[in-house]
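All remarks here apply to the structure that follows.
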Amino acid sequence: MKVLLRNPKRELEIEGPLRVHALLARLELNRESVLVIRGDTLVPGDELLEDDDVVEIRPVISGGAA
Amino acid sequence: MKCTVCKEPAVIDVRRHNANFCAPHFLRLCRDQVARAIKDHQMIQPGERVLVAVSGGKDSLAVWDILVELGYEADGLYIGLGIGEYSDASGEMARRFAEERGLHLVEVDLPRDHGFDIPTGSKAARRVPCSACGLSKRHLFDEAARTGGYDVVATGHNLDDEAAVLFGNVLRWQTEYLGRQLPVLPARHGFPRKVKPLIRLTEREMAAYCVLRGIEYIVEECPMAVGNKHLGYKEALNAIEAASPGSKHDFYHGFLARASARFTPEAEAEQAALQPCQECGAPTPGDVCAFCRMAERAREATPVPVTLGRRS
């Protein structure tokens with residue numbers, strides 16, 4: 001899957017399927033500090049992300065990293 | 001994951017409430033939390049005119065959106081701070097939000113209306129950029145509210161903001177700051193009441209609210225705020241929150257319920273010493289307020305370009 005991150009802006013390719021919680025753990029991101037967005041809506045923590053998904057991981061702290 | 005309320009598929013888990021929500025029930029939760037904060041702390045009375053301080057970020061646009069949804073008469077105030085492309089982008093977000101919803105946005109531009117920008121003001125006053133910015137915004141919010149006849153100024157400070165400020169004030173036992181870290185600052189010296197309707201909602205919940213409401217906001221932080229110590233406090237508190245959901249709420253709201261009043265004498269002593277600024281009439285402990293002093297020095301100074309953050 002394609003994962004878009006911010007601060008700094010970058011893109012990662014990560015092999016799916018993978019649950020959202022597992023993706024955040026792999027990237028060492030605190031689930032309280034980010035949202036995972038696919039299309040125009042949020043993806044909850046137990047959702048399975050497929051290999052062809054494109055997701056944005058958006059920091060919720062202004063200026064925070066993701 | 002199912003919505004705790006209706007059992008439809010959920011889009012977000014809120015661990016501090018031990019609950020999951022679909023989009024409609026999450027949006028309802030946010031509105032209910034704001035309505036409760038307003039009621040509990042008597043923030044806004046029926047019929048009062050509200051001026052919302054809008055930065056183009058998620059919190060200020062969300063609080064404006066929610067206040068309008070709750071039926072309040074709320075206009076926005078955007079302050080252009082002269083911070084290069086960041087100010088251009090944030091102003092555009094605020095204008096677009098207002099235009100799309102038919103809302104009234106008041107605009108003040110620091111360089112145009114006062115003859116200096118934040119980078120120059122910061123250097124001229126020997127203040128870190130976040131301090132010069134906060135000083136300017138507080139002054140200009142008050143001035144715009146007074147000029148426009150508004151009863152209340154609402155800001156987008158959320159639970160994370162307040163918990164981080166409390167954390168910093170407690171770390172250094174800044175008792176006069178603790179005495180005035182309140183969700184409502186009463187009207188005084190001819191200036192409007194200031195309220196923080198988002199104190200029951202976290203930063204994550206506000207970002208989620210904007211995504212689910214289709215509100216486009218500026219995600220990047222101000223380039224001059226990089227290294228701001230409050231970002232570090234927020235990250236520390238989120239590490240605690242991840243291990244113990246609800247900690248931020250208990251920390252801040254426990255302070256309001258059980259500790260805040262103990263620091264009131266320090267804040268009242270500070271307030272009693274204030275007098276009107278000889279230049280603008282704003283309350284100040286000296287003859288001329290800090291904003292007018294900074295503005296005078298900055299207008300005489302060589303303009304400073306925008307640079308990436310210093311610690312503040």
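Chain labels A, B, ... are given in the sequence in which chains occur in the structure tokens; within each chain residues are numbered consecutively from 1, and ligands are likewise numbered from 1 in the order shown.
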
* **Within 7 Å of segment 40-43 of chain A using only C-alpha atoms, minus same-chain residues under 5 positions, as a list in words** => Val11, Ile12, Val211 and Leu212 of chain B

File dump, residues just selected, N, CA, C and O atoms, as a short mmCIF file (atom, residue, chain, number, x, y, z; two decimals), in the first residue's frame:
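Listed below is the output, again.cif:
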```
data_model
loop_
_atom_site.label_atom_id
_atom_site.label_comp_id
_atom_site.auth_asym_id
_atom_site.auth_seq_id
_atom_site.Cartn_x
_atom_site.Cartn_y
_atom_site.Cartn_z
N VAL B 11 -16.03 4.64 12.49
CA VAL B 11 -14.89 5.23 11.79
C VAL B 11 -13.80 5.67 12.75
O VAL B 11 -12.69 6.00 12.33
N ILE B 12 -14.12 5.72 14.05
CA ILE B 12 -13.11 6.18 15.01
C ILE B 12 -13.36 5.54 16.37
O ILE B 12 -14.51 5.35 16.79
N VAL B 211 -12.10 16.28 9.33
CA VAL B 211 -12.09 15.31 8.22
C VAL B 211 -13.52 14.86 7.92
O VAL B 211 -13.96 14.85 6.76
N LEU B 212 -14.26 14.54 8.95
CA LEU B 212 -15.62 13.99 8.75
C LEU B 212 -16.61 15.06 8.29
O LEU B 212 -17.61 14.75 7.64
#
```

* Quick one: everything within 9 Å of Thr264 of chain B, counting only C-alpha atoms, minus sequence neighbours fewer than 6 positions away in the same chain. Send it as number ranges by chain. => B: 175-176, 178-180

* Identify all residues of segment 32-68 of chain B in alpha helix (DSSP H) (DSSP on the backbone) and supply them as a ChimeraX atom specification. => /B:32-40,58-68

I need the residues from that last selection saved to file as a short mmCIF file (atom, residue, chain, number, x, y, z; two decimals), in the first residue's frame (with N, CA, C and O atoms), if you can.
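As a result, part_33.cif now contains:
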```cif
data_model
loop_
_atom_site.label_atom_id
_atom_site.label_comp_id
_atom_site.auth_asym_id
_atom_site.auth_seq_id
_atom_site.Cartn_x
_atom_site.Cartn_y
_atom_site.Cartn_z
N ASP B 32 -22.15 17.83 21.40
CA ASP B 32 -22.63 17.69 22.78
C ASP B 32 -21.57 18.12 23.79
O ASP B 32 -21.88 18.73 24.82
N GLN B 33 -20.31 17.80 23.50
CA GLN B 33 -19.23 18.17 24.42
C GLN B 33 -19.06 19.69 24.46
O GLN B 33 -18.79 20.26 25.52
N VAL B 34 -19.19 20.33 23.31
CA VAL B 34 -19.09 21.80 23.28
C VAL B 34 -20.28 22.41 24.02
O VAL B 34 -20.12 23.34 24.83
N ALA B 35 -21.47 21.89 23.77
CA ALA B 35 -22.67 22.42 24.45
C ALA B 35 -22.52 22.27 25.97
O ALA B 35 -22.88 23.17 26.74
N ARG B 36 -21.95 21.14 26.40
CA ARG B 36 -21.77 20.92 27.84
C ARG B 36 -20.74 21.89 28.43
O ARG B 36 -20.93 22.43 29.52
N ALA B 37 -19.63 22.10 27.70
CA ALA B 37 -18.61 23.04 28.18
C ALA B 37 -19.20 24.44 28.32
O ALA B 37 -18.96 25.14 29.31
N ILE B 38 -19.99 24.86 27.32
CA ILE B 38 -20.60 26.19 27.36
C ILE B 38 -21.54 26.32 28.55
O ILE B 38 -21.53 27.31 29.28
N LYS B 39 -22.34 25.26 28.78
CA LYS B 39 -23.31 25.29 29.89
C LYS B 39 -22.61 25.23 31.24
O LYS B 39 -22.89 26.03 32.14
N ASP B 40 -21.67 24.30 31.39
CA ASP B 40 -21.00 24.11 32.68
C ASP B 40 -20.26 25.37 33.14
O ASP B 40 -20.18 25.64 34.33
N LYS B 58 -7.33 23.51 12.30
CA LYS B 58 -8.50 22.66 12.55
C LYS B 58 -9.35 23.12 13.73
O LYS B 58 -10.58 23.08 13.66
N ASP B 59 -8.71 23.54 14.81
CA ASP B 59 -9.46 23.84 16.03
C ASP B 59 -10.36 25.06 15.86
O ASP B 59 -11.53 25.04 16.25
N SER B 60 -9.80 26.13 15.29
CA SER B 60 -10.59 27.35 15.18
C SER B 60 -11.71 27.20 14.16
O SER B 60 -12.82 27.71 14.37
N LEU B 61 -11.45 26.47 13.06
CA LEU B 61 -12.53 26.26 12.08
C LEU B 61 -13.59 25.33 12.67
O LEU B 61 -14.79 25.53 12.45
N ALA B 62 -13.16 24.32 13.43
CA ALA B 62 -14.12 23.40 14.04
C ALA B 62 -15.00 24.12 15.06
O ALA B 62 -16.22 23.91 15.09
N VAL B 63 -14.39 24.96 15.90
CA VAL B 63 -15.22 25.62 16.92
C VAL B 63 -16.19 26.59 16.27
O VAL B 63 -17.35 26.71 16.71
N TRP B 64 -15.77 27.24 15.21
CA TRP B 64 -16.69 28.14 14.49
C TRP B 64 -17.87 27.32 13.93
O TRP B 64 -19.04 27.68 14.08
N ASP B 65 -17.53 26.21 13.28
CA ASP B 65 -18.54 25.34 12.68
C ASP B 65 -19.53 24.84 13.74
O ASP B 65 -20.75 24.88 13.54
N ILE B 66 -19.01 24.40 14.88
CA ILE B 66 -19.88 23.84 15.93
C ILE B 66 -20.76 24.93 16.55
O ILE B 66 -21.95 24.71 16.79
N LEU B 67 -20.19 26.10 16.79
CA LEU B 67 -21.00 27.18 17.38
C LEU B 67 -22.15 27.56 16.47
O LEU B 67 -23.29 27.77 16.92
N VAL B 68 -21.87 27.62 15.16
CA VAL B 68 -22.95 27.93 14.20
C VAL B 68 -23.98 26.81 14.20
O VAL B 68 -25.19 27.05 14.21
#
```

* Tell me the residues of chain B close to chain A, meaning within 6 Å using only C-alpha atoms, as a ChimeraX atom specification. => /B:11-12,203-204,207,220-221

Serialized selection, N, CA, C and O atoms, as a compact mmCIF listing (two decimals), in the first residue's frame:
```txt
# COMPACT_ATOMS: atom_id res chain seq x y z
N VAL B 11 -16.03 4.64 12.49
CA VAL B 11 -14.89 5.23 11.79
C VAL B 11 -13.80 5.67 12.75
O VAL B 11 -12.69 6.00 12.33
N ILE B 12 -14.12 5.72 14.05
CA ILE B 12 -13.11 6.18 15.01
C ILE B 12 -13.36 5.54 16.37
O ILE B 12 -14.51 5.35 16.79
N GLU B 203 -7.20 17.12 20.63
CA GLU B 203 -6.67 17.51 19.33
C GLU B 203 -7.03 16.46 18.26
O GLU B 203 -7.41 16.80 17.14
N ARG B 204 -6.91 15.19 18.62
CA ARG B 204 -7.26 14.11 17.68
C ARG B 204 -8.74 14.16 17.30
O ARG B 204 -9.11 13.98 16.14
N ALA B 207 -9.28 17.09 14.86
CA ALA B 207 -8.82 16.76 13.51
C ALA B 207 -9.82 15.81 12.85
O ALA B 207 -10.18 15.97 11.68
N GLU B 220 -0.03 21.92 8.39
CA GLU B 220 1.32 22.26 8.83
C GLU B 220 1.28 23.32 9.94
O GLU B 220 0.43 24.20 9.93
N GLU B 221 2.21 23.20 10.86
CA GLU B 221 2.34 24.21 11.91
C GLU B 221 3.09 25.41 11.33
O GLU B 221 3.81 25.30 10.33
```

* Asked: What lies within 10 Å of Lys194 of chain B using only C-alpha atoms, ignoring chain neighbours under 5 positions off, as a PyMOL selection string?
  -> chain B and resi 43-44+50-52+141-142+151-155+182-187

* Identify all residues of segment 21-128 of chain B in strand (DSSP E or B) (DSSP on the backbone) and supply them as an MDAnalysis selection string. => chainID B and resid 21 49:54 73:80 105:109

Take the residues that were just selected and, keeping N, CA, C and O atoms, output them as a CSV table (one decimal), in the first residue's frame.
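Ended up saving to selection-v9.csv:
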```csv
chain,number,residue,atom,x,y,z
B,21,PHE,N,-17.3,5.2,17.3
B,21,PHE,CA,-18.4,6.0,16.8
B,21,PHE,C,-18.4,5.9,15.2
B,21,PHE,O,-17.4,5.9,14.6
B,49,ARG,N,-23.5,38.1,20.9
B,49,ARG,CA,-22.7,38.0,19.6
B,49,ARG,C,-21.3,37.5,19.9
B,49,ARG,O,-20.6,38.0,20.8
B,50,VAL,N,-20.9,36.5,19.1
B,50,VAL,CA,-19.6,35.8,19.4
B,50,VAL,C,-18.7,36.1,18.2
B,50,VAL,O,-19.1,36.1,17.0
B,51,LEU,N,-17.4,36.4,18.6
B,51,LEU,CA,-16.4,36.6,17.5
B,51,LEU,C,-15.4,35.4,17.7
B,51,LEU,O,-14.8,35.3,18.8
B,52,VAL,N,-15.3,34.6,16.7
B,52,VAL,CA,-14.4,33.4,16.8
B,52,VAL,C,-13.0,33.7,16.2
B,52,VAL,O,-12.9,34.2,15.1
B,53,ALA,N,-12.0,33.6,17.0
B,53,ALA,CA,-10.6,33.8,16.5
B,53,ALA,C,-10.2,32.6,15.6
B,53,ALA,O,-10.0,31.5,16.1
B,54,VAL,N,-10.0,32.9,14.3
B,54,VAL,CA,-9.8,31.9,13.3
B,54,VAL,C,-8.4,32.0,12.7
B,54,VAL,O,-8.0,33.0,12.2
B,73,GLU,N,-24.9,33.1,17.1
B,73,GLU,CA,-24.5,34.1,16.1
B,73,GLU,C,-23.0,34.3,16.2
B,73,GLU,O,-22.5,35.0,17.1
B,74,ALA,N,-22.3,33.7,15.3
B,74,ALA,CA,-20.8,33.7,15.4
B,74,ALA,C,-20.2,34.2,14.1
B,74,ALA,O,-20.4,33.6,13.1
B,75,ASP,N,-19.4,35.3,14.2
B,75,ASP,CA,-18.6,35.7,13.1
B,75,ASP,C,-17.1,35.3,13.3
B,75,ASP,O,-16.8,34.9,14.5
B,76,GLY,N,-16.3,35.3,12.3
B,76,GLY,CA,-14.9,34.9,12.4
B,76,GLY,C,-14.0,36.1,12.4
B,76,GLY,O,-14.4,37.1,11.8
B,77,LEU,N,-12.8,36.0,13.0
B,77,LEU,CA,-11.8,37.0,12.9
B,77,LEU,C,-10.5,36.4,12.5
B,77,LEU,O,-10.0,35.5,13.2
B,78,TYR,N,-10.0,36.8,11.3
B,78,TYR,CA,-8.7,36.2,10.9
B,78,TYR,C,-7.6,37.4,11.0
B,78,TYR,O,-7.9,38.5,10.5
B,79,ILE,N,-6.5,37.0,11.6
B,79,ILE,CA,-5.4,38.0,11.7
B,79,ILE,C,-4.3,37.6,10.8
B,79,ILE,O,-3.7,36.5,11.0
B,80,GLY,N,-3.9,38.4,9.8
B,80,GLY,CA,-2.7,38.2,9.0
B,80,GLY,C,-1.5,38.6,9.7
B,80,GLY,O,-1.4,39.8,10.1
B,105,LEU,N,-16.5,36.9,7.8
B,105,LEU,CA,-15.1,36.9,8.3
B,105,LEU,C,-14.6,38.3,8.4
B,105,LEU,O,-14.5,39.0,7.4
B,106,VAL,N,-14.2,38.7,9.6
B,106,VAL,CA,-13.5,40.0,9.8
B,106,VAL,C,-12.0,39.8,9.6
B,106,VAL,O,-11.5,38.7,10.1
B,107,GLU,N,-11.4,40.7,8.9
B,107,GLU,CA,-9.9,40.5,8.7
B,107,GLU,C,-9.1,41.7,9.2
B,107,GLU,O,-9.5,42.8,9.0
B,108,VAL,N,-8.1,41.3,9.9
B,108,VAL,CA,-7.1,42.4,10.4
B,108,VAL,C,-5.7,41.9,9.8
B,108,VAL,O,-5.4,40.7,9.9
B,109,ASP,N,-5.0,42.8,9.3
B,109,ASP,CA,-3.6,42.4,8.8
B,109,ASP,C,-2.6,43.2,9.5
B,109,ASP,O,-2.6,44.5,9.4
```

* Skip Gly82 of chain B itself and residues of its chain fewer than 3 positions away, then list as a ChimeraX atom specification all residues within 12 Å of it, counting only C-alpha atoms. => /B:79,85-91,108-122,129,133,136,222,224,303-306

Name all residues at most 9 Å from segment 237-254 of chain B (count only C-alpha atoms; drop same-chain ones fewer than 2 positions away) and give them as a compact mmCIF listing (two decimals) with N, CA and C atoms, in the first residue's frame.
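As written to disk, out_27.txt reads:
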```txt
# COMPACT_ATOMS: atom_id res chain seq x y z
N ASN A 30 2.37 6.96 17.75
CA ASN A 30 1.39 6.90 18.84
C ASN A 30 0.00 7.08 18.24
N ARG A 31 -0.91 6.16 18.50
CA ARG A 31 -2.26 6.24 17.91
C ARG A 31 -3.03 7.46 18.42
N GLU A 32 -2.61 8.03 19.55
CA GLU A 32 -3.27 9.24 20.05
C GLU A 32 -2.83 10.47 19.26
N SER A 33 -1.75 10.35 18.51
CA SER A 33 -1.16 11.53 17.86
C SER A 33 -1.43 11.61 16.36
N VAL B 14 -12.59 6.09 20.39
CA VAL B 14 -12.21 7.12 21.36
C VAL B 14 -11.99 6.39 22.68
N ARG B 15 -10.73 6.06 22.93
CA ARG B 15 -10.44 5.16 24.05
C ARG B 15 -10.76 5.80 25.39
N ARG B 16 -10.66 7.11 25.49
CA ARG B 16 -10.92 7.75 26.80
C ARG B 16 -12.39 7.66 27.16
N HIS B 17 -13.26 7.45 26.16
CA HIS B 17 -14.68 7.21 26.44
C HIS B 17 -15.01 5.72 26.35
N ASN B 18 -13.98 4.90 26.09
CA ASN B 18 -14.18 3.46 25.91
C ASN B 18 -15.30 3.20 24.91
N LEU B 159 -8.50 20.47 24.58
CA LEU B 159 -8.04 19.83 25.82
C LEU B 159 -6.52 19.64 25.82
N ASP B 160 -5.96 19.25 24.67
CA ASP B 160 -4.50 19.06 24.59
C ASP B 160 -3.75 20.37 24.82
N GLU B 162 -4.78 22.99 26.57
CA GLU B 162 -4.90 23.40 27.97
C GLU B 162 -4.09 22.50 28.89
N ALA B 163 -4.09 21.19 28.59
CA ALA B 163 -3.32 20.26 29.42
C ALA B 163 -1.82 20.54 29.27
N ALA B 164 -1.38 20.89 28.05
CA ALA B 164 0.04 21.17 27.82
C ALA B 164 0.46 22.45 28.53
N LEU B 166 -1.01 23.72 31.18
CA LEU B 166 -1.05 23.40 32.62
C LEU B 166 0.22 22.64 33.03
N PHE B 167 0.61 21.69 32.19
CA PHE B 167 1.82 20.90 32.44
C PHE B 167 3.04 21.84 32.57
N ILE B 199 -12.67 22.74 25.41
CA ILE B 199 -11.87 22.15 26.49
C ILE B 199 -12.24 20.72 26.82
N ARG B 200 -13.35 20.22 26.28
CA ARG B 200 -13.73 18.82 26.53
C ARG B 200 -13.40 17.93 25.33
N LEU B 201 -12.66 18.47 24.35
CA LEU B 201 -12.35 17.70 23.14
C LEU B 201 -10.85 17.73 22.88
N THR B 202 -10.31 16.59 22.45
CA THR B 202 -8.86 16.50 22.22
C THR B 202 -8.49 16.98 20.82
N GLY B 232 6.45 19.52 22.63
CA GLY B 232 7.07 18.46 23.43
C GLY B 232 6.18 18.03 24.59
N TYR B 233 5.54 19.00 25.24
CA TYR B 233 4.63 18.67 26.34
C TYR B 233 3.46 17.83 25.82
N LYS B 234 2.94 18.21 24.64
CA LYS B 234 1.82 17.45 24.08
C LYS B 234 2.22 16.01 23.77
N GLU B 235 3.41 15.83 23.22
CA GLU B 235 3.86 14.48 22.91
C GLU B 235 4.03 13.67 24.19
N LEU B 256 -9.23 22.18 37.23
CA LEU B 256 -10.31 23.18 37.30
C LEU B 256 -11.22 22.93 38.50
N ALA B 257 -11.53 21.65 38.76
CA ALA B 257 -12.50 21.33 39.81
C ALA B 257 -11.89 21.44 41.21
N ARG B 258 -10.60 21.08 41.34
CA ARG B 258 -10.09 20.91 42.70
C ARG B 258 -8.88 21.79 43.06
N ALA B 259 -8.26 22.42 42.08
CA ALA B 259 -7.03 23.14 42.42
C ALA B 259 -7.01 24.61 41.96
N SER B 260 -7.70 24.90 40.87
CA SER B 260 -7.60 26.22 40.24
C SER B 260 -7.86 27.37 41.22
```

* Rounded to one decimal place, report the atom CA of Tyr72 of chain B-atom CA of Phe191 of chain B distance in Å. =>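 We find that atom CA of Tyr72 of chain B and atom CA of Phe191 of chain B lie 20.1 Å from each other.
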